[in-house]
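Asker: One structure is given below, represented as structure tokens, and several questions about it will come after.
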There are 2 protein chains.
Amino acid sequence: MELFWLKGYGSTSIADILSRSQVNSGSLYHYFPGKQDLLVAVLESYRDGIGPMLLEPAWAGIDDPIERIFALLAKYRQLIVDTDCSYGCPIGSLALELHEPDPVVRERMVQNFDGWTAAIRDCLEQAKGRLPRALDLQAAAEFVLTVMEGAVMQARTYRDVAFFDRAVAQLRTYFEALTVRETVGA
Amino acid sequence: MELFWLKGYGSTSIADILSRSQVNSGSLYHYFPGKQDLLVAVLESYRDGIGPMLLEPAWAGIDDPIERIFALLAKYRQLIVDTDCSYGCPIGSLALELHEPDPVVRERMVQNFDGWTAAIRDCLEQAKGRLPRALDLQAAAEFVLTVMEGAVMQARTYRDVAFFDRAVAQLRTYFEALTVRETVGA
DNA sequence: GTCTATACCCTGATAGAC
DNA sequence: GTCTATCAGGGTATAGAC
């Protein structure tokens with residue numbers, strides 16, 4: 001998991017994994033028939049960790065559903081800072097690194113995106129009263145993922161969190177504009 | 001250029017390039033000392049082609065600066081459709097594939113993003129009268145890139161243009177909200 | 001189930017004749 | 001400048017003793 005995140009899938013060799021995990025070749029291949037099976041297991045682990053490893057820590061002490069969305073983005077900001085702006089979303093990076101992924105792999109990436117946007121959608125459902133009735137909540141949730149991924153990409157390429165911050169500020173403007181518009185109409 | 005786009009940098013071998021280009025090893029290495037030099041040349045070619053290869057065709061017959069932004073996004077939509085939703089932005093994909101890029105490579109990726117956002121910024125400058133005076137045009141231009149990259153990533157992962165379309169629709173809402181807010185204030 | 005040793009292939013890069 | 005042949009190293013995966 002760590003090596004695929006740090007170096008990417010293609011650039012991580014089995015030998016890297018064996019030495020990092022202090023496991024021997026025979027043992028690894030006993031449990032995982034091939035390298036791709038390891039990738040699938042990693043993606044499943046990310047998928048199952050969205051709640052306990054990502055959302056719960058990010059949302060501790062925060063109740064407002066819209067603020068939870070920005071708290072999650074703040075968590076990514078912290079990851080960017082903690083890695084000297086070389087952070088890449090592990091799922092997004094794999095999604096772009098693997099050009100013709102095996103269907104099994106692509107399905108696991110989809111499950112990760114689905115789980116992430118479902119959590120955002122829940123927040124939006126809870127804030128429904130403050131949002132335009134016509135707003136497509138699913139599309140808005142996907143948009144948050146869109147912005148996060150695009151912002152992480154730029155922060156990393158420029159090695160500068162400010163690119164992430166500016167994108168999040170624009171997203172904030174977007175949400176404020178949505179609520180303002182409703183107020184105007186009322 | 002084509003192979004790096006189709007397969008990624010790491011998964012494209014020199015042998016692939018030699019057979020695709022009908023060139024022999026000795027000739028290639030005469031002009032390009034190593035594989036990375038080929039990558040740098042490709043990135044420079046993309047950078048220099050932003051105007052003639054990307055913007056000019058996308059903007060033919062379109063004068064309104066805000067519509068030019070969405071015309072550019074429509075061009076990406078066409079690329080997604082033409083590739084059966086396996087399209088990846090060549091720069092964005094490299095930005096996430098290469099985890100510790102050589103400074104020379106990273107600088108070329110930055111130049112590509114800079115050139116792209118500068119063009120969007122020009123559009124926004126031209127539409128300045130319709131936008132809130134307080135709007136940070138540079139940040140808004142970067143936001144368009146953010147959305148494009150995030151939307152392309154999802155369309156590809158889900159193999160479904162609808163994810164791209166929904167993200168662009170949200171961006172449209174964002175721009176409309178910006179102009180509406182100004183109208184309200186006037 | 002775990003160990004070491006290794007098969008076999010493909011990689012980027014080079015040598016040296018022409 | 002271009003050609004063919006090849007090198008040295010590292011890649012995934014396997015064999016077979018224990």
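Naming scheme: A, B, ... for chains in displayed order of the structure tokens; residues 1 onward per chain; ligands 1 onward as shown.
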Can you list every residue in chain B that DSSP puts in alpha helix (DSSP H), as an MDAnalysis selection string?

Answerer: chainID B and resid 2:7 14:21 25:31 35:49 56:59 65:82 90:97 103:126 137:158 161:185

Asker: Find the residues of chain C that sit at most 8 Å from chain A; for each, write down the nearest two atoms and how far apart they are in Å, to one decimal. Count only C-alpha atoms (C1' of nucleotides). Sort by chain, then by number going up, and give it as a Markdown table.

Answerer:
```
| residue | atom | partner | partner_atom | distance |
| --- | --- | --- | --- | --- |
| C:DG1 | C1' | A:Ser27 | CA | 7.0 |
| C:DT2 | C1' | A:Ser27 | CA | 6.0 |
| C:DC3 | C1' | A:Gly26 | CA | 7.4 |
```

Asker: If you count only C-alpha atoms (C1' of nucleotides), which residues fall within 9 Å of range 89-92 of chain A, apart from same-chain ones fewer than 6 positions away, as an MDAnalysis selection string?

Answerer: (chainID A and resid 1 4:6 8 43 46 76 109 112:113 149 152:153) or (chainID B and resid 96 150 153:154)

Asker: Filtering to all heavy atoms, could you give me those residues as a compact mmCIF listing (two decimals), in the first residue's frame?

Answerer:
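Output (part_15.txt):
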```txt
# COMPACT_ATOMS: atom_id res chain seq x y z
N MET A 1 0.84 -1.19 0.00
CA MET A 1 0.00 0.00 0.00
C MET A 1 0.88 1.25 0.00
O MET A 1 0.71 2.17 -0.81
CB MET A 1 -0.87 -0.01 1.26
CG MET A 1 -2.00 0.98 1.26
SD MET A 1 -3.08 0.57 2.67
CE MET A 1 -4.62 1.23 2.07
N PHE A 4 3.02 1.46 -3.34
CA PHE A 4 2.23 1.86 -4.51
C PHE A 4 1.91 3.35 -4.44
O PHE A 4 1.87 4.04 -5.46
CB PHE A 4 0.93 1.05 -4.60
CG PHE A 4 1.13 -0.40 -4.99
CD1 PHE A 4 0.09 -1.32 -4.86
CD2 PHE A 4 2.34 -0.84 -5.50
CE1 PHE A 4 0.27 -2.65 -5.23
CE2 PHE A 4 2.53 -2.18 -5.86
CZ PHE A 4 1.48 -3.07 -5.72
N TRP A 5 1.70 3.84 -3.24
CA TRP A 5 1.38 5.26 -3.05
C TRP A 5 2.62 6.12 -3.33
O TRP A 5 2.54 7.13 -4.04
CB TRP A 5 0.86 5.49 -1.63
CG TRP A 5 0.68 6.93 -1.28
CD1 TRP A 5 -0.13 7.83 -1.92
CD2 TRP A 5 1.32 7.64 -0.24
NE1 TRP A 5 -0.03 9.05 -1.31
CE2 TRP A 5 0.85 8.98 -0.26
CE3 TRP A 5 2.25 7.31 0.76
CZ2 TRP A 5 1.27 9.96 0.63
CZ3 TRP A 5 2.65 8.29 1.66
CH2 TRP A 5 2.18 9.59 1.58
N LEU A 6 3.75 5.69 -2.78
CA LEU A 6 4.96 6.51 -2.92
C LEU A 6 5.56 6.48 -4.31
O LEU A 6 6.04 7.49 -4.82
CB LEU A 6 6.03 6.05 -1.92
CG LEU A 6 5.79 6.38 -0.45
CD1 LEU A 6 6.83 5.69 0.43
CD2 LEU A 6 5.84 7.89 -0.24
N GLY A 8 4.14 4.52 -7.10
CA GLY A 8 3.26 4.09 -8.18
C GLY A 8 3.31 2.58 -8.34
O GLY A 8 4.19 1.91 -7.79
N LEU A 43 -6.47 -1.78 -3.20
CA LEU A 43 -7.64 -0.96 -3.53
C LEU A 43 -8.82 -1.32 -2.63
O LEU A 43 -9.59 -0.43 -2.24
CB LEU A 43 -8.00 -1.13 -5.01
CG LEU A 43 -7.05 -0.46 -5.99
CD1 LEU A 43 -7.35 -0.89 -7.43
CD2 LEU A 43 -7.15 1.07 -5.89
N TYR A 46 -8.19 0.36 0.71
CA TYR A 46 -8.55 1.79 0.66
C TYR A 46 -10.07 1.95 0.72
O TYR A 46 -10.59 2.77 1.47
CB TYR A 46 -8.02 2.44 -0.62
CG TYR A 46 -6.58 2.90 -0.54
CD1 TYR A 46 -5.63 2.39 -1.41
CD2 TYR A 46 -6.19 3.87 0.38
CE1 TYR A 46 -4.30 2.80 -1.35
CE2 TYR A 46 -4.87 4.29 0.45
CZ TYR A 46 -3.93 3.76 -0.42
OH TYR A 46 -2.63 4.17 -0.37
N TYR A 76 -7.02 16.61 3.25
CA TYR A 76 -6.12 16.46 2.09
C TYR A 76 -5.05 17.55 2.10
O TYR A 76 -3.90 17.31 1.76
CB TYR A 76 -6.92 16.48 0.78
CG TYR A 76 -7.60 15.16 0.50
CD1 TYR A 76 -8.90 14.90 0.91
CD2 TYR A 76 -6.91 14.14 -0.15
CE1 TYR A 76 -9.51 13.68 0.68
CE2 TYR A 76 -7.51 12.91 -0.38
CZ TYR A 76 -8.81 12.68 0.03
OH TYR A 76 -9.39 11.47 -0.19
N MET A 109 -11.37 0.70 -8.40
CA MET A 109 -11.17 2.15 -8.39
C MET A 109 -12.53 2.85 -8.36
O MET A 109 -12.74 3.82 -7.62
CB MET A 109 -10.35 2.59 -9.62
CG MET A 109 -8.95 1.99 -9.61
SD MET A 109 -7.80 2.73 -10.80
CE MET A 109 -8.55 2.28 -12.35
N ASN A 112 -13.97 2.90 -4.97
CA ASN A 112 -13.37 3.94 -4.14
C ASN A 112 -13.99 5.31 -4.42
O ASN A 112 -14.36 6.03 -3.49
CB ASN A 112 -11.86 4.00 -4.37
CG ASN A 112 -11.10 3.06 -3.45
OD1 ASN A 112 -10.79 3.41 -2.31
ND2 ASN A 112 -10.82 1.86 -3.92
N PHE A 113 -14.12 5.66 -5.68
CA PHE A 113 -14.75 6.95 -6.01
C PHE A 113 -16.20 6.97 -5.54
O PHE A 113 -16.67 7.95 -4.98
CB PHE A 113 -14.66 7.22 -7.52
CG PHE A 113 -13.32 7.69 -7.99
CD1 PHE A 113 -13.00 7.71 -9.35
CD2 PHE A 113 -12.36 8.16 -7.09
CE1 PHE A 113 -11.77 8.16 -9.80
CE2 PHE A 113 -11.12 8.63 -7.54
CZ PHE A 113 -10.82 8.62 -8.90
N GLU A 149 -9.45 16.22 -6.76
CA GLU A 149 -8.45 15.54 -7.58
C GLU A 149 -7.66 16.53 -8.45
O GLU A 149 -6.44 16.44 -8.56
CB GLU A 149 -9.10 14.47 -8.47
CG GLU A 149 -9.67 13.28 -7.71
CD GLU A 149 -8.61 12.36 -7.11
OE1 GLU A 149 -7.41 12.65 -7.26
OE2 GLU A 149 -8.99 11.35 -6.49
N VAL A 152 -5.33 18.58 -6.10
CA VAL A 152 -4.18 17.81 -5.64
C VAL A 152 -3.15 17.69 -6.77
O VAL A 152 -1.94 17.83 -6.55
CB VAL A 152 -4.63 16.41 -5.15
CG1 VAL A 152 -3.46 15.46 -5.07
CG2 VAL A 152 -5.33 16.51 -3.80
N MET A 153 -3.64 17.45 -7.98
CA MET A 153 -2.73 17.33 -9.13
C MET A 153 -1.88 18.59 -9.32
O MET A 153 -0.68 18.53 -9.54
CB MET A 153 -3.54 17.05 -10.39
CG MET A 153 -2.69 16.88 -11.63
SD MET A 153 -3.68 16.91 -13.14
CE MET A 153 -4.54 15.35 -13.04
N LEU B 96 0.68 12.68 -12.64
CA LEU B 96 0.39 11.72 -11.56
C LEU B 96 1.18 10.42 -11.70
O LEU B 96 1.39 9.74 -10.72
CB LEU B 96 -1.11 11.43 -11.50
CG LEU B 96 -2.00 12.60 -11.07
CD1 LEU B 96 -3.36 12.11 -10.63
CD2 LEU B 96 -1.36 13.42 -9.96
N GLY B 150 -10.00 16.90 -13.08
CA GLY B 150 -10.77 16.00 -12.23
C GLY B 150 -11.89 15.31 -12.99
O GLY B 150 -12.20 14.14 -12.74
N MET B 153 -10.50 12.60 -15.29
CA MET B 153 -10.12 11.43 -14.48
C MET B 153 -11.32 10.55 -14.18
O MET B 153 -11.26 9.31 -14.31
CB MET B 153 -9.50 11.90 -13.16
CG MET B 153 -9.07 10.76 -12.26
SD MET B 153 -8.65 11.33 -10.59
CE MET B 153 -7.14 12.20 -10.90
N GLN B 154 -12.43 11.16 -13.80
CA GLN B 154 -13.62 10.36 -13.47
C GLN B 154 -14.26 9.75 -14.71
O GLN B 154 -14.65 8.58 -14.70
CB GLN B 154 -14.64 11.22 -12.72
CG GLN B 154 -14.28 11.38 -11.26
CD GLN B 154 -15.25 12.31 -10.55
OE1 GLN B 154 -16.30 11.88 -10.11
NE2 GLN B 154 -14.89 13.56 -10.43
```

Asker: Mind dumping a table of every range 32-141 of chain B residue within 8 Å of range 97-103 of chain A, with the nearest atom pair and its distance in Å to one decimal, using only C-alpha atoms, sorted by chain and rising number, as JSON lines?

Answerer:
```
{"residue": "B:Ser86", "atom": "CA", "partner": "A:His99", "partner_atom": "CA", "distance": 7.7}
{"residue": "B:Ser93", "atom": "CA", "partner": "A:Glu97", "partner_atom": "CA", "distance": 6.5}
{"residue": "B:Leu94", "atom": "CA", "partner": "A:Glu97", "partner_atom": "CA", "distance": 7.8}
{"residue": "B:Leu96", "atom": "CA", "partner": "A:Glu97", "partner_atom": "CA", "distance": 6.8}
{"residue": "B:Glu97", "atom": "CA", "partner": "A:Glu97", "partner_atom": "CA", "distance": 4.9}
```

Asker: Could you turn the residues from that selection into a file that holds N, CA, C and O atoms, as a PDB file, in the first residue's frame?

Answerer:
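What ended up in part-v6.pdb:
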```
ATOM      1  N   SER B  86     -11.631   6.431 -22.754  1.00  0.00           N
ATOM      2  CA  SER B  86     -10.367   6.082 -22.109  1.00  0.00           C
ATOM      3  C   SER B  86      -9.370   7.234 -22.218  1.00  0.00           C
ATOM      4  O   SER B  86      -8.192   7.079 -21.909  1.00  0.00           O
ATOM      5  N   SER B  93      -1.895  13.053 -16.817  1.00  0.00           N
ATOM      6  CA  SER B  93      -1.537  11.657 -16.571  1.00  0.00           C
ATOM      7  C   SER B  93      -0.061  11.535 -16.198  1.00  0.00           C
ATOM      8  O   SER B  93       0.294  10.801 -15.273  1.00  0.00           O
ATOM      9  N   LEU B  94       0.776  12.277 -16.910  1.00  0.00           N
ATOM     10  CA  LEU B  94       2.205  12.238 -16.580  1.00  0.00           C
ATOM     11  C   LEU B  94       2.449  12.834 -15.200  1.00  0.00           C
ATOM     12  O   LEU B  94       3.271  12.341 -14.434  1.00  0.00           O
ATOM     13  N   LEU B  96       0.677  12.676 -12.643  1.00  0.00           N
ATOM     14  CA  LEU B  96       0.392  11.724 -11.562  1.00  0.00           C
ATOM     15  C   LEU B  96       1.179  10.423 -11.700  1.00  0.00           C
ATOM     16  O   LEU B  96       1.394   9.740 -10.716  1.00  0.00           O
ATOM     17  N   GLU B  97       1.600  10.097 -12.913  1.00  0.00           N
ATOM     18  CA  GLU B  97       2.373   8.868 -13.074  1.00  0.00           C
ATOM     19  C   GLU B  97       3.781   9.011 -12.503  1.00  0.00           C
ATOM     20  O   GLU B  97       4.285   8.103 -11.854  1.00  0.00           O
TER      21      GLU B  97
END
```

Asker: C1' of DC18 in chain C and CA of Ile17 in chain B are how many Å apart?

Answerer: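 Going from C1' of DC18 in chain C over to CA of Ile17 in chain B covers 24.1 Å.
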
Asker: What's the 10 Å shell around Phe70 in chain B, counting only C-alpha atoms (C1' of nucleotides), without same-chain residues fewer than 3 positions away, as an MDAnalysis selection string?

Answerer: chainID B and resid 58:59 65:67 73:76 144 168:169 171:172

Asker: Taking only C-alpha atoms (C1' of nucleotides) into account, report as a list in words which residues of chain A lie within 10 Å of chain D.

Answerer: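 Residues passing the distance filter: Ser13, Ile14, Ala15, Ser25, Gly26, Tyr29, Pro33, Gly34 and Lys35 of chain A.
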
Asker: Using only C-alpha atoms for the distances, tell me which of A:Asp48, A:Val110, A:Ala119, A:Glu176 is nearest to chain B.

Answerer: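 Ranking A:Asp48, A:Val110, A:Ala119, A:Glu176 by distance to chain B, first place goes to A:Val110.
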
Asker: Any idea what's packed within 10 Å of Ala162 in chain B, counting only C-alpha atoms (C1' of nucleotides), ignoring anything in its chain fewer than 6 positions away? Could you give it as a JSON list (two decimals) with N, CA, C and O atoms, in the first residue's frame?

Answerer:
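The result, written out as selection-v8.json:
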```json
[["chain", "number", "residue", "atom", "x", "y", "z"],
["A", 139, "ALA", "N", -24.48, 15.01, -8.63],
["A", 139, "ALA", "CA", -23.54, 15.75, -9.48],
["A", 139, "ALA", "C", -22.69, 16.69, -8.64],
["A", 139, "ALA", "O", -21.49, 16.84, -8.87],
["B", 77, "ARG", "N", -14.28, 16.99, -24.27],
["B", 77, "ARG", "CA", -15.40, 16.03, -24.32],
["B", 77, "ARG", "C", -15.31, 15.18, -25.58],
["B", 77, "ARG", "O", -15.50, 13.97, -25.55],
["B", 85, "CYS", "N", -14.05, 6.85, -24.04],
["B", 85, "CYS", "CA", -13.92, 7.22, -22.62],
["B", 85, "CYS", "C", -12.65, 6.70, -21.95],
["B", 85, "CYS", "O", -12.61, 6.55, -20.72],
["B", 151, "ALA", "N", -12.47, 16.05, -13.92],
["B", 151, "ALA", "CA", -13.59, 15.48, -14.69],
["B", 151, "ALA", "C", -13.10, 14.42, -15.68],
["B", 151, "ALA", "O", -13.73, 13.37, -15.84],
["B", 154, "GLN", "N", -12.43, 11.16, -13.80],
["B", 154, "GLN", "CA", -13.62, 10.36, -13.47],
["B", 154, "GLN", "C", -14.26, 9.75, -14.71],
["B", 154, "GLN", "O", -14.65, 8.58, -14.70],
["B", 155, "ALA", "N", -14.34, 10.52, -15.79],
["B", 155, "ALA", "CA", -14.92, 9.98, -17.02],
["B", 155, "ALA", "C", -14.16, 8.73, -17.45],
["B", 155, "ALA", "O", -14.74, 7.74, -17.91],
["B", 168, "VAL", "N", -18.80, 19.69, -15.90],
["B", 168, "VAL", "CA", -18.84, 20.92, -16.69],
["B", 168, "VAL", "C", -20.12, 21.70, -16.39],
["B", 168, "VAL", "O", -20.11, 22.94, -16.30]]
```

Asker: Between B:Glu56, B:Glu125, B:Glu107, B:Asp160, which residue has the minimum interatomic distance to chain A, considering only C-alpha atoms?

Answerer: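 Of B:Glu56, B:Glu125, B:Glu107, B:Asp160, the one nearest chain A, counting only C-alpha atoms, is B:Glu107.
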
Asker: One number please: CA of Ile80 in chain A to CA of Arg166 in chain A, in Å, one decimal.

Answerer: 13.9 Å
